[in-house]
Amino acid sequence: MWRSGLNSRSTTTAQALKEKKWDALVIGSGHNGLTAAAYLARGGLSVAVLERRHVIGGAAVTEEIIPGFKFSRCSYLQSLLRPSVIRELELKRHGLKLLKPTATTFTPCLDGRYLLLGHDDERNYLEISKFSKYDADAFPRYENQLYKFCKLMDFVLDSQAPETLHWDSSFTAWMRDKLEKSVFWAQCLRHVMALGQKDMVNFMDLLLSPTSKVLNKWFESDILKAVLAGDAIVGSMASIHTPGSGYVLLHHVMGETDGERNVWSHVEGGMGSVSTAISNAAIEAGASIMTNAEVSQLMIGNSGTIEGVLLADGTRVRSSVVLSNATPHRTFLGLVPRDALPEDFLRAIENSDYNSGTTKINVAVDKLPWFHCCGSNNTEAGPQHTATIHICSESMDNIGSACQDAQNGLPSKRPVMEMTIPSSLDKTISPPGKHVVSLFTQYTPYKPSDGSWENPTYREAYAKRCFSLIDEYAPGFSSSIIGYDMLTPPDLEREFGLTGGNIFHGATGLDSLFFMRPAKGWSGYRTPVRGLYLCGSGTHPGGGVMAAPGRNAARIALRDFKKHHS
């Protein structure tokens, strides 16, 4: 799957790493790190990406854990990848192929009913009308209101946060900084004025309100509210009743595929194909990518400036510019000497929220799941199989109870699950007639009070609980399982470097976004260590396979480099 040159670091490569002083180093080959490397290399810099694991991609990775079955082990759908990155890096030319599902969401109910939503407004109206005529009328208005906010959100996502100027106190830099901030706020004001006061008030209401309050104002049927609420809880430990959780409802429309909003696509070859396409763009531009190259420490000179990195095998790699795609917690509390950072900054990083309730289970099955609510057992993939399938999610109470269990220290008795079956569209990831099933399950505490994720029996009990619950909707699912791969929060931390198992490199509440990400005063990708930048999801605009942090950070680092070397 990967380029042969990316899978191991030879002695010759190690020697080349040691002897050369690189213009820039990138720690971690997650999609943001690769994106940053691509933009830096296209800007003319010599760049080396250093990856701890044997494969590239970070959490956007495809791995063949069970022979013949290729799992998107962590991230599993594509929609948030910024169109600017796809266009500028020519990712389609580099192999990115998106597979659009024939339906968007499928929610089976235990009473034999179901809700299947897709791309046809008339069909959606009929589906929602099965539960509420009022909601069927309200749903297009709800989506249209969210669409109104998209231009403002696109602007924010693609912009660098107008942060306090660091490192350069010259008058020229000060004037340039003032001008750039003025341009940002002027453009921001233009987007706000385009919305108008009424829509801006509605936008603020969405940002500040609990998910449950937002949806209760719009809809009456429990199933539709629960389906939409699923967007707001992904990857967090937050309740649907938490103020500010309504912001994530924007993910319902923020993403797009080929210019079409609210389309979450599968990727041919799995999510690792996103990372491969970005790496191809980086390599074409001249970047070098080294796997099995774990960074153990940053080298910082007496003046407090970056001088390079020290690898776990003792290799010293020199550079005056380092971009870290690791989490802020891992970067500043694991790689940077404590005495190189201000105390108030360290306290902010130490107290960041990395809670996660996510366990990902990747399953190999010998047949497609059959949902009894759909009637006859057809062996061919239907629209429901290509959609995001919501299990144990037919009511707001189900979601609330699952979250409450975790807040009491226990894995949910009836976990909320997003099931996807990428092999329903992608024939390259499983043997003929067999399928790959992805289960994104919540909520599972990092340290459960009734056991340990290190205990194989405890782990198996949770997996079997999930499979048995699926059997209630799709009889025979458990008996179709060939094997599975399970990643609990500690597994996600240990294997993929996701602190606390948090898939977003930190919580995405309103207190952890924009100017506050990763810490107040440091949202502009620069850090207290001169020459060190953050380029991962722990920076603005946050998590998801978006690539915006990598693009933004690279542009800042490239500009600083050229100014310093002019």
# chains A, B, ... in the order shown; residues from 1 in each chain; ligands from 1
$ residues_around --residues "A:Glu88" --least-positions-apart "5" --cutoff "10 Å" --atoms "only C-alpha atoms" --output "compact mmCIF listing (two decimals) with C-alpha atoms, in the first residue's frame"
# COMPACT_ATOMS: atom_id res chain seq x y z
CA TYR A 39 3.58 23.34 1.38
CA PRO A 83 -11.11 22.24 -0.86
CA ALA A 281 2.44 15.74 -3.37
$ select_by_dssp --residues "stretch 498-545 of chain A" --states "strand (DSSP E or B)" --output "PyMOL selection string"
chain A and resi 526+530+532-534
$ write_last_selection --atoms "all heavy atoms" --output "PDB file, in the first residue's frame"
ATOM      1  N   ARG A 526       2.964  29.611  16.104  1.00  0.00           N
ATOM      2  CA  ARG A 526       4.251  29.793  16.776  1.00  0.00           C
ATOM      3  C   ARG A 526       4.104  29.371  18.238  1.00  0.00           C
ATOM      4  O   ARG A 526       2.996  29.288  18.760  1.00  0.00           O
ATOM      5  CB  ARG A 526       4.704  31.253  16.692  1.00  0.00           C
ATOM      6  CG  ARG A 526       4.917  31.759  15.260  1.00  0.00           C
ATOM      7  CD  ARG A 526       5.376  33.206  15.267  1.00  0.00           C
ATOM      8  NE  ARG A 526       5.544  33.755  13.921  1.00  0.00           N
ATOM      9  CZ  ARG A 526       4.621  34.451  13.270  1.00  0.00           C
ATOM     10  NH1 ARG A 526       3.449  34.682  13.850  1.00  0.00           N
ATOM     11  NH2 ARG A 526       4.845  34.904  12.056  1.00  0.00           N
ATOM     12  N   ARG A 530      11.431  29.677  20.045  1.00  0.00           N
ATOM     13  CA  ARG A 530      11.643  30.251  18.720  1.00  0.00           C
ATOM     14  C   ARG A 530      12.083  29.178  17.721  1.00  0.00           C
ATOM     15  O   ARG A 530      13.029  28.439  17.960  1.00  0.00           O
ATOM     16  CB  ARG A 530      12.699  31.360  18.793  1.00  0.00           C
ATOM     17  CG  ARG A 530      12.782  32.191  17.515  1.00  0.00           C
ATOM     18  CD  ARG A 530      13.867  33.259  17.621  1.00  0.00           C
ATOM     19  NE  ARG A 530      13.870  34.108  16.436  1.00  0.00           N
ATOM     20  CZ  ARG A 530      13.310  35.311  16.360  1.00  0.00           C
ATOM     21  NH1 ARG A 530      12.686  35.808  17.410  1.00  0.00           N
ATOM     22  NH2 ARG A 530      13.356  36.003  15.243  1.00  0.00           N
ATOM     23  N   LEU A 532      10.005  26.733  16.767  1.00  0.00           N
ATOM     24  CA  LEU A 532       9.111  25.596  16.941  1.00  0.00           C
ATOM     25  C   LEU A 532       7.669  26.023  16.660  1.00  0.00           C
ATOM     26  O   LEU A 532       7.188  27.012  17.231  1.00  0.00           O
ATOM     27  CB  LEU A 532       9.216  25.031  18.357  1.00  0.00           C
ATOM     28  CG  LEU A 532       8.213  23.921  18.722  1.00  0.00           C
ATOM     29  CD1 LEU A 532       8.414  22.685  17.847  1.00  0.00           C
ATOM     30  CD2 LEU A 532       8.321  23.557  20.201  1.00  0.00           C
ATOM     31  N   TYR A 533       7.011  25.280  15.800  1.00  0.00           N
ATOM     32  CA  TYR A 533       5.622  25.552  15.431  1.00  0.00           C
ATOM     33  C   TYR A 533       4.777  24.313  15.711  1.00  0.00           C
ATOM     34  O   TYR A 533       5.276  23.187  15.664  1.00  0.00           O
ATOM     35  CB  TYR A 533       5.506  25.885  13.936  1.00  0.00           C
ATOM     36  CG  TYR A 533       6.354  27.032  13.473  1.00  0.00           C
ATOM     37  CD1 TYR A 533       7.722  26.860  13.222  1.00  0.00           C
ATOM     38  CD2 TYR A 533       5.812  28.303  13.254  1.00  0.00           C
ATOM     39  CE1 TYR A 533       8.520  27.908  12.785  1.00  0.00           C
ATOM     40  CE2 TYR A 533       6.596  29.358  12.809  1.00  0.00           C
ATOM     41  CZ  TYR A 533       7.951  29.153  12.578  1.00  0.00           C
ATOM     42  OH  TYR A 533       8.732  30.195  12.140  1.00  0.00           O
ATOM     43  N   LEU A 534       3.508  24.533  15.961  1.00  0.00           N
ATOM     44  CA  LEU A 534       2.542  23.435  16.007  1.00  0.00           C
ATOM     45  C   LEU A 534       1.789  23.410  14.682  1.00  0.00           C
ATOM     46  O   LEU A 534       1.387  24.461  14.173  1.00  0.00           O
ATOM     47  CB  LEU A 534       1.537  23.633  17.141  1.00  0.00           C
ATOM     48  CG  LEU A 534       2.004  23.383  18.578  1.00  0.00           C
ATOM     49  CD1 LEU A 534       0.837  23.574  19.532  1.00  0.00           C
ATOM     50  CD2 LEU A 534       2.582  21.983  18.747  1.00  0.00           C
TER      51      LEU A 534
END
$ residues_around --residues "A:Pro541" --least-positions-apart "3" --cutoff "8 Å" --atoms "only C-alpha atoms" --output "NGL selection string"
:A and (156-157 or 513-514 or 517 or 537 or 548-549)
$ write_last_selection --atoms "C-alpha atoms" --output "JSON list (two decimals), in the first residue's frame"
[["chain", "number", "residue", "atom", "x", "y", "z"],
["A", 156, "VAL", "CA", -12.52, 31.16, 9.73],
["A", 157, "LEU", "CA", -11.31, 27.65, 8.89],
["A", 513, "LEU", "CA", -11.14, 26.93, 19.84],
["A", 514, "PHE", "CA", -9.79, 29.82, 17.78],
["A", 517, "ARG", "CA", -6.31, 26.70, 20.86],
["A", 537, "SER", "CA", -5.23, 19.36, 15.18],
["A", 548, "ALA", "CA", -6.18, 23.38, 7.59],
["A", 549, "PRO", "CA", -3.78, 23.44, 10.60]]
$ closest_residue --among "A:Ala285, A:Tyr125, A:Ile56, A:Asn292" --to "A:Arg42" --atoms "only C-alpha atoms"
A:Ala285
$ atom_distance --atom1 "atom CA of A:Ser84" --atom2 "atom CA of A:Gly536"
17.3 Å
$ closest_residue --among "A:Leu96, A:Cys109, A:Ile240, A:Val365" --to "A:Ser401" --atoms "only C-alpha atoms"
A:Ile240
$ residues_around --residues "A:Thr276" --least-positions-apart "3" --cutoff "9 Å" --atoms "only C-alpha atoms" --output "PyMOL selection string"
chain A and resi 1-3+31+56-57+61+94-96+271-273+279-281
